[in-house]
Amino acid sequence: MMGVTAALAAPFPPDSIAARNWVKKREHWVDSVMKSMTEEQRIGQLFMVAAYSNRDKEHVQELEKLVTDHHIGGLIFFQGGPVRQARITNQLQQQARVPLFVAMDAEWGLGMRLDSIPNYPRQMTLGAVDDNQLIYTMGADIARQLRLLGVHINFAPVVDVNSNPQNPVIGNRAFGEYKFDVARKGIAYMRGLQDHGVLASAKHFPGHGDTDTDSHFALPVINHDMERLRSIELYPFQQLMADSVASVMVAHINVPALDNAPNRPTTLSPAVVNGLLKKELGFQGLIFTDALNMKGVSQFYKPGDADLEALKAGNDVLLFSEDVAGAIRKIRRAVKRGEISQKSIDEHARRILQAKYWAGLHKRTPINTDNLVNKLNDPVSDMIRQKLYEQAVSIVHNQQNLMPLRHVEERSFAVVTVGGTNTKNTFSETLALYAPFDHYHIDKEASADAFNDLLTTLRLYDVVVVGVHGMVSAPAREFGLLPEQIRFLNEARKKPNTIISVFGSAYSLKHFEQARNLVVAYEDNEYTQKIVPSLIFGGLPARGKLPVSVSGLVRRTMGDATRELDRLNYATPEDVGMDATVLRNIDRIAEEAIKLGATPGMQILVARKGSIVYQKNFGHLSYDSLRPVSNETVYDIASITKVAATLQVMMFLEERGLIDLDQPIVTYLEDLKGTNKAALTLREILAHQAGLVPYIPFWKYTLNGTALNTAFYSPTPMPDYSLQVAGNIFTSRSMQDSIWQWIKKSDLQPKPKGKKTWEYKYSDVGYYIMQRIAEKILNQPMADFLAQNLYDPLGLETMTYLPLSKYSLDRIAPTEQDTYFRNSLVAGMVHDQGAAMMGGIAGHAGLFSNATDLAVLMQMQLQDGEYGGKRYYSPGTIARFAQTQYKGNRRGLGWDKPELNTAHGPTSNFASPRTFGHTGFTGTAAWVDPEFDLVYIFLSNRIHPDANNTKLIRFGTRTRIMDEVYKAMQSFNKYNQN
């Protein structure tokens, strides 16, 4: 036996004593309830009515009347909110003599009907996913959510085989056109629900996939013969029934091969329900009608008549009756006339009660509304959604293996968003994680001239990525695509390196079938808009396969499997072993710091296992609250320059044998001969153990009293004064020689008494020296070398010296209101005075970046010098430089490291000893922990407008946030161990 005996069997081994006892208790409960009900009340059990939690009190009062006066068996909830729905459910359950079945039509989760809850993917999207176990996991989580909300039935999955691309009502609600995939995925979804206490319902029997009419508005006719129906349409239903599906929903379609009565929907057909479904296929589970208010029924049958005919046809539950009271009267009269027996009524009622017992309704348990929305939005749900979309997005065409894109430094990039509402959306902003993109947006209703002008502009670029947004699912409306839009896209795709990314129906690909490079995301949301760029650039592998055929050039199973290039991508915290709830504590710490005036704003980024799991911006660029911090905001990263710039060059030179860390630096700089620095080694300097003074106030040497010495500065740029120090302060290139002479003459610190070596003492001075060595050996300015060999190949758009040469001032966070040297607000230029006097380019300071680009650079360090399919350093080089060098000195070569078991270390005390990174005076930090595969970035302008503001340091903001990162890992591990 199927249905009741399979899906709704005792949760114990068959034929066991426990199973027999369970059945005995069930039947005792069912018998007692049946005996307590009148004949009319038993009829009432067969009705489930529509309920809405976003309607007024009158609606709830109507429901109360149906429950108390007509003893309906259940509710099907539609639009509203979770807490409101829970309260209405509790209220009505309390008033019901027999506990109510509560159902929802939640094919893609609660978000399909309720606010405050994100959607799961549509079934067509799931059709592109190869891993059916992941679909089972989705079903299990939807069941968890439904149970929290007091819902016992989900009218899912749809197992219609969508063989008609013009189908107006099924379409993306189906898994696809291949019956075997539909069955396998339907079983996975169904088991996920039922294994976790929610009844599934296979719909729409006998198959709604090959219709060109929407049964909500008319009665579709399917003219296939029985051979075709048995071969295609019925196959998935048979497979789910042979497994364990608890219920079936019957469609409002007319199938002459099954019942040749004119205009009779299958819902009301005894030949279909009693004959085909029950007798021939042997289904013994619950049978639901589709909603009886749909025009597929109601245009031919009056309210009440349709209910009676559906009952006579063999359905158990009458869904969405238009007139419950009238239908009950007509059914009672039919019983008296002998048209339908009381015995059959009782059989239907008994089957419903047996299902209610299985669902736990013999125990009345009110829904707990405390923290309900947060419980429904469990971070694990987010992880499951992320994984499903990752596996679904499909690269349909990939000419000459263009994707994943490599060699970003050799190309110019443009992104065009067509349709949608925003000039920059998540899709275009995520692309900027991987390469410097110029951004364009055009409305889909734009004129032909506007589209033509854009085509002309796009010819200037090597690679163009087009995102198609604002689509709809209706084939009759061409999926929301307009003629000029389609023409533009087909002209754009002629350029060899154009990638068309479609955020909509797979069936819409008929308009793009000749695109050389074509990606389909199936849906348009935050998940897919992040995933598609990751696939294009190799942050993620492409795995999705088309579940339907669209044309001769776009066929089912097409989907290029690409490989990862070890670039950062986006994932949920749980996906990489972190607790999202704990990570949210970062928000509180950041907001507290801003509220207390520690900094006007900040960027925070956390990545683990190659995935960005936390990236948020807080506050504003300044305290005037005019410009909020965004992903595009650029910060002066101060001393992080030491490791993000100079150290990168030192590692490059060292692994090629161009420098020896243990040779005296006079070997490379002959003019140090005879100075107190001649014998210093690069190892000592990099480890800050060379006896160099921490800081030399060069700027003070250039003043006359409190005024700038005109011998050093000019208020306007001139050939001899070309280096800009501030807005109206320019200096000559000879200033760099002056600084060098001051360094050469500077004293060294005394060695500790009785010691042959200096103690650790942090110093900026050594990085002036290393810059000079690097530029001499490279025979090239260090900034140019870094751009050509590191920043541009990595796609780091914002990481640069002299940021005003690349982007506008309104993107750059200001630093100090300088009242002693430059006598102006330092904005768009380096804060450090010495670096400013060097023209903004120095070894110890001067670099600017946003959090994303700094994270990419640090991820490359974490990955042992490899990123995006390119190796930047030999294996082991970075690890060697990240090791401590001297006893009593926490520093590596250039890299700072943890000072554990102290309240004053630069990192969290949870960090591993392998951690390396650096902090910056302006309020910045960049850390890598190889032990935990972790990158942590914190950028702020805490010295705006006052460099003496130490609140960020006193509050320990950066370290406290880093603590939460480690606590998020600990919490996840603890939860999973339990």
# chains A, B, ... in the order shown; residues from 1 in each chain; ligands from 1

$ select_by_dssp --residues "segment 511-718 of chain A" --states "alpha helix (DSSP H)" --output "VMD selection string"
chain A and resid 526 to 537 580 to 583 585 to 595 640 to 641 647 to 655 682 to 686

$ write_last_selection --atoms "C-alpha atoms" --output "tab-separated table (two decimals), in the first residue's frame"
chain	number	residue	atom	x	y	z
A	526	GLU	CA	21.55	39.07	-4.03
A	527	TYR	CA	22.79	35.49	-4.25
A	528	THR	CA	22.91	35.19	-8.01
A	529	GLN	CA	24.26	38.71	-8.48
A	530	LYS	CA	27.28	37.75	-6.39
A	531	ILE	CA	27.69	34.24	-7.77
A	532	VAL	CA	27.76	35.12	-11.48
A	533	PRO	CA	30.83	37.41	-11.17
A	534	SER	CA	32.56	34.74	-9.10
A	535	LEU	CA	31.97	32.18	-11.85
A	536	ILE	CA	33.10	34.58	-14.56
A	537	PHE	CA	36.42	35.18	-12.79
A	580	ALA	CA	26.64	34.20	11.49
A	581	THR	CA	24.86	35.10	14.72
A	582	VAL	CA	28.18	35.69	16.47
A	583	LEU	CA	29.56	37.64	13.51
A	585	ASN	CA	28.23	41.15	17.13
A	586	ILE	CA	30.71	43.02	14.94
A	587	ASP	CA	27.90	45.41	14.00
A	588	ARG	CA	27.38	46.37	17.62
A	589	ILE	CA	31.08	47.02	18.25
A	590	ALA	CA	31.41	49.08	15.06
A	591	GLU	CA	28.31	51.16	15.77
A	592	GLU	CA	29.47	51.74	19.34
A	593	ALA	CA	32.85	53.02	18.12
A	594	ILE	CA	31.19	55.50	15.78
A	595	LYS	CA	28.69	56.64	18.40
A	640	ILE	CA	50.14	48.76	6.06
A	641	THR	CA	52.07	50.25	3.12
A	647	LEU	CA	57.74	44.12	1.60
A	648	GLN	CA	56.18	42.75	-1.59
A	649	VAL	CA	59.12	44.13	-3.54
A	650	MET	CA	61.63	42.81	-1.01
A	651	MET	CA	60.19	39.30	-1.29
A	652	PHE	CA	60.32	39.54	-5.08
A	653	LEU	CA	63.99	40.58	-5.01
A	654	GLU	CA	65.03	38.10	-2.35
A	655	GLU	CA	63.62	34.97	-3.95
A	682	LEU	CA	67.97	43.96	5.66
A	683	ARG	CA	66.99	41.18	8.04
A	684	GLU	CA	67.57	43.47	11.01
A	685	ILE	CA	65.75	46.35	9.36
A	686	LEU	CA	62.75	44.25	8.31

$ residues_around --residues "Gly766 of chain A" --least-positions-apart "4" --cutoff "12 Å" --atoms "only C-alpha atoms" --output "compact mmCIF listing (two decimals) with C-alpha atoms, in the first residue's frame"
# COMPACT_ATOMS: atom_id res chain seq x y z
CA LYS A 642 55.16 48.64 4.64
CA THR A 646 57.73 47.62 0.16
CA LEU A 647 57.74 44.12 1.60
CA ILE A 665 73.08 47.33 3.21
CA LYS A 677 74.12 52.36 8.97
CA LEU A 680 72.99 47.07 9.09
CA THR A 681 71.34 44.12 7.35
CA LEU A 682 67.97 43.96 5.66
CA ARG A 683 66.99 41.18 8.04
CA GLU A 684 67.57 43.47 11.01
CA ILE A 685 65.75 46.35 9.36
CA LEU A 686 62.75 44.25 8.31
CA ALA A 687 62.47 42.85 11.83
CA HIS A 688 62.74 46.35 13.34
CA GLN A 689 65.87 45.31 15.22
CA ALA A 690 68.46 47.49 13.50
CA GLY A 691 68.75 50.27 16.06
CA LEU A 692 67.02 52.80 13.82
CA VAL A 693 65.11 55.57 15.54
CA PRO A 694 61.33 55.12 15.29
CA TYR A 695 60.64 58.36 13.48
CA ILE A 696 62.38 61.45 12.15
CA TRP A 740 68.01 60.84 2.48
CA ILE A 743 68.44 59.69 7.36
CA LYS A 744 72.13 59.06 6.77
CA SER A 746 70.48 60.25 12.02
CA LEU A 748 71.16 54.93 16.03
CA LYS A 761 62.08 48.93 18.24
CA TYR A 762 59.48 49.71 15.60
CA MET A 770 64.41 49.71 1.55
CA GLN A 771 62.57 51.85 -0.97
CA ARG A 772 65.86 53.32 -2.06
CA ILE A 773 67.45 49.87 -2.38
CA ALA A 842 57.19 56.21 0.26
CA GLY A 843 58.19 52.83 1.55
CA HIS A 844 56.54 53.22 4.92
CA ALA A 845 53.32 55.05 4.00
CA GLY A 894 58.28 43.03 7.61

$ residues_around --residues "Gly109 of chain A" --least-positions-apart "3" --cutoff "7 Å" --atoms "only C-alpha atoms" --output "VMD selection string"
chain A and resid 106 112 119 to 120 142

$ closest_residue --among "A:Lys510, A:Lys336, A:Arg543, A:Lys870" --to "Arg567 of chain A" --atoms "only C-alpha atoms"
A:Lys870

$ residues_around --residues "Tyr301 of chain A" --least-positions-apart "5" --cutoff "10 Å" --atoms "only C-alpha atoms" --output "JSON, numbers by chain"
{"A": [263, 264, 268, 292, 295, 296, 306, 307, 309]}

$ residues_around --residues "Tyr801 of chain A" --least-positions-apart "5" --cutoff "8 Å" --atoms "only C-alpha atoms" --output "ChimeraX atom specification"
/A:783,840-841,846-848

$ residues_around --residues "segment 950-961 of chain A" --least-positions-apart "3" --cutoff "8 Å" --atoms "only C-alpha atoms" --output "VMD selection string"
chain A and resid 586 589 to 590 593 597 to 599 906 to 908 923 925 938 942 to 943 947 964 to 965

$ write_last_selection --atoms "N, CA and C atoms" --output "tab-separated table (two decimals), in the first residue's frame"
chain	number	residue	atom	x	y	z
A	586	ILE	N	29.80	42.01	15.51
A	586	ILE	CA	30.71	43.02	14.94
A	586	ILE	C	29.95	44.32	14.71
A	589	ILE	N	29.80	46.42	17.88
A	589	ILE	CA	31.08	47.02	18.25
A	589	ILE	C	31.39	48.20	17.33
A	590	ALA	N	31.14	48.01	16.03
A	590	ALA	CA	31.41	49.08	15.06
A	590	ALA	C	30.53	50.30	15.32
A	593	ALA	N	31.66	52.22	18.36
A	593	ALA	CA	32.85	53.02	18.12
A	593	ALA	C	32.51	54.34	17.44
A	597	GLY	N	32.58	58.39	18.98
A	597	GLY	CA	33.53	59.29	18.34
A	597	GLY	C	34.91	58.72	18.16
A	598	ALA	N	35.04	57.40	18.08
A	598	ALA	CA	36.35	56.79	17.85
A	598	ALA	C	36.79	56.93	16.40
A	599	THR	N	35.84	57.02	15.50
A	599	THR	CA	36.10	57.19	14.07
A	599	THR	C	34.78	57.54	13.40
A	906	PRO	N	48.73	43.32	19.14
A	906	PRO	CA	48.04	43.89	17.98
A	906	PRO	C	46.89	43.05	17.45
A	907	THR	N	46.81	41.79	17.90
A	907	THR	CA	45.78	40.88	17.40
A	907	THR	C	44.93	40.35	18.54
A	908	SER	N	43.91	39.63	18.17
A	908	SER	CA	43.13	38.88	19.14
A	908	SER	C	44.03	37.83	19.81
A	923	GLY	N	44.22	54.03	11.64
A	923	GLY	CA	43.11	53.21	12.16
A	923	GLY	C	42.80	52.05	11.26
A	925	ALA	N	43.92	47.87	9.80
A	925	ALA	CA	44.51	46.58	10.17
A	925	ALA	C	44.26	45.58	9.05
A	938	PHE	N	40.34	45.70	8.49
A	938	PHE	CA	39.63	46.79	9.17
A	938	PHE	C	40.23	48.10	8.67
A	942	ARG	N	40.36	57.04	11.84
A	942	ARG	CA	40.16	57.42	13.23
A	942	ARG	C	40.82	58.76	13.56
A	943	ILE	N	41.81	59.19	12.76
A	943	ILE	CA	42.51	60.46	13.05
A	943	ILE	C	41.81	61.66	12.42
A	947	ALA	N	44.37	63.91	14.96
A	947	ALA	CA	45.28	62.76	15.04
A	947	ALA	C	45.52	62.31	16.47
A	964	GLU	N	35.61	38.53	17.89
A	964	GLU	CA	34.31	37.99	17.45
A	964	GLU	C	34.47	37.06	16.25
A	965	VAL	N	35.46	37.35	15.41
A	965	VAL	CA	35.72	36.48	14.26
A	965	VAL	C	36.10	35.09	14.74

$ atom_distance --atom1 "atom CA of Ala492 of chain A" --atom2 "atom CA of Thr456 of chain A"
9.8 Å

$ select_by_dssp --residues "segment 90-270 of chain A" --states "strand (DSSP E)" --output "JSON, numbers by chain"
{"A": [101, 102, 103, 104, 153, 154, 199, 200, 201, 202, 203, 204, 205, 247, 248, 249, 250]}

$ write_last_selection --atoms "C-alpha atoms" --output "PDB file, in the first residue's frame"
ATOM      1  CA  PHE A 101      -4.730  21.130   9.557  1.00  0.00           C
ATOM      2  CA  VAL A 102      -2.643  24.150   8.532  1.00  0.00           C
ATOM      3  CA  ALA A 103      -1.194  24.202   5.041  1.00  0.00           C
ATOM      4  CA  MET A 104       0.768  26.565   2.848  1.00  0.00           C
ATOM      5  CA  ILE A 153       1.282  20.525   4.914  1.00  0.00           C
ATOM      6  CA  ASN A 154       3.325  22.065   2.122  1.00  0.00           C
ATOM      7  CA  LEU A 199       3.282  16.349   4.602  1.00  0.00           C
ATOM      8  CA  ALA A 200       4.330  16.861   0.987  1.00  0.00           C
ATOM      9  CA  SER A 201       1.899  17.028  -1.913  1.00  0.00           C
ATOM     10  CA  ALA A 202       2.736  16.016  -5.474  1.00  0.00           C
ATOM     11  CA  LYS A 203       1.022  18.348  -7.909  1.00  0.00           C
ATOM     12  CA  HIS A 204      -0.700  18.918 -10.319  1.00  0.00           C
ATOM     13  CA  PHE A 205      -2.050  15.450 -11.126  1.00  0.00           C
ATOM     14  CA  SER A 247      -0.701  13.492  -0.701  1.00  0.00           C
ATOM     15  CA  VAL A 248      -1.520  14.443  -4.250  1.00  0.00           C
ATOM     16  CA  MET A 249      -3.155  17.593  -5.535  1.00  0.00           C
ATOM     17  CA  VAL A 250      -5.381  17.202  -8.575  1.00  0.00           C
TER      18      VAL A 250
END

$ residues_around --residues "Glu478 of chain A" --least-positions-apart "3" --cutoff "12 Å" --atoms "only C-alpha atoms" --output "PyMOL selection string"
chain A and resi 165-166+168+471-475+481-483+485-486+504-511

$ write_last_selection --atoms "N, CA and C atoms" --output "compact mmCIF listing (two decimals), in the first residue's frame"
# COMPACT_ATOMS: atom_id res chain seq x y z
N PRO A 165 7.39 25.12 -23.48
CA PRO A 165 8.05 26.36 -23.08
C PRO A 165 7.09 27.54 -22.93
N GLN A 166 5.92 27.46 -23.57
CA GLN A 166 4.96 28.55 -23.49
C GLN A 166 3.99 28.39 -22.32
N PRO A 168 2.06 28.99 -19.30
CA PRO A 168 1.95 30.26 -18.59
C PRO A 168 1.83 30.13 -17.07
N MET A 471 13.59 41.12 -15.42
CA MET A 471 12.85 40.20 -16.26
C MET A 471 11.62 39.65 -15.53
N VAL A 472 10.72 39.05 -16.27
CA VAL A 472 9.55 38.39 -15.70
C VAL A 472 9.53 36.96 -16.21
N SER A 473 8.63 36.15 -15.65
CA SER A 473 8.62 34.72 -16.00
C SER A 473 7.65 34.39 -17.12
N ALA A 474 6.85 35.35 -17.56
CA ALA A 474 5.77 35.07 -18.52
C ALA A 474 6.29 34.98 -19.95
N PRO A 475 6.16 33.81 -20.59
CA PRO A 475 6.57 33.70 -22.00
C PRO A 475 5.78 34.64 -22.91
N LEU A 481 11.39 41.25 -21.83
CA LEU A 481 12.37 41.82 -22.76
C LEU A 481 11.66 42.62 -23.85
N LEU A 482 12.20 43.77 -24.18
CA LEU A 482 11.61 44.64 -25.21
C LEU A 482 12.42 44.56 -26.50
N PRO A 483 11.81 44.86 -27.64
CA PRO A 483 12.50 44.68 -28.94
C PRO A 483 13.84 45.40 -29.04
N GLN A 485 15.77 46.37 -26.65
CA GLN A 485 16.68 45.73 -25.69
C GLN A 485 17.27 44.46 -26.30
N ILE A 486 16.41 43.64 -26.91
CA ILE A 486 16.88 42.39 -27.53
C ILE A 486 17.85 42.70 -28.66
N GLY A 504 17.25 35.61 -15.28
CA GLY A 504 15.85 35.32 -15.50
C GLY A 504 15.66 33.93 -16.06
N SER A 505 14.49 33.70 -16.62
CA SER A 505 14.06 32.37 -17.06
C SER A 505 15.01 31.75 -18.08
N ALA A 506 15.23 30.45 -17.93
CA ALA A 506 16.03 29.72 -18.91
C ALA A 506 15.40 29.80 -20.30
N TYR A 507 14.09 29.86 -20.35
CA TYR A 507 13.40 29.90 -21.65
C TYR A 507 13.70 31.19 -22.41
N SER A 508 14.08 32.24 -21.69
CA SER A 508 14.39 33.51 -22.37
C SER A 508 15.66 33.40 -23.21
N LEU A 509 16.44 32.35 -23.01
CA LEU A 509 17.70 32.22 -23.73
C LEU A 509 17.50 32.05 -25.23
N LYS A 510 16.27 31.82 -25.66
CA LYS A 510 16.02 31.74 -27.10
C LYS A 510 16.40 33.05 -27.78
N HIS A 511 16.38 34.14 -27.02
CA HIS A 511 16.74 35.44 -27.59
C HIS A 511 18.25 35.64 -27.64

$ closest_residue --among "A:His397, A:His348, A:His918, A:Lys387" --to "Arg555 of chain A" --atoms "only C-alpha atoms"
A:His397

$ atom_distance --atom1 "atom CA of Phe503 of chain A" --atom2 "atom CA of Thr457 of chain A"
23.4 Å

$ closest_residue --among "A:His216, A:Lys279, A:Lys312, A:His252" --to "Glu339 of chain A" --atoms "only C-alpha atoms"
A:Lys312
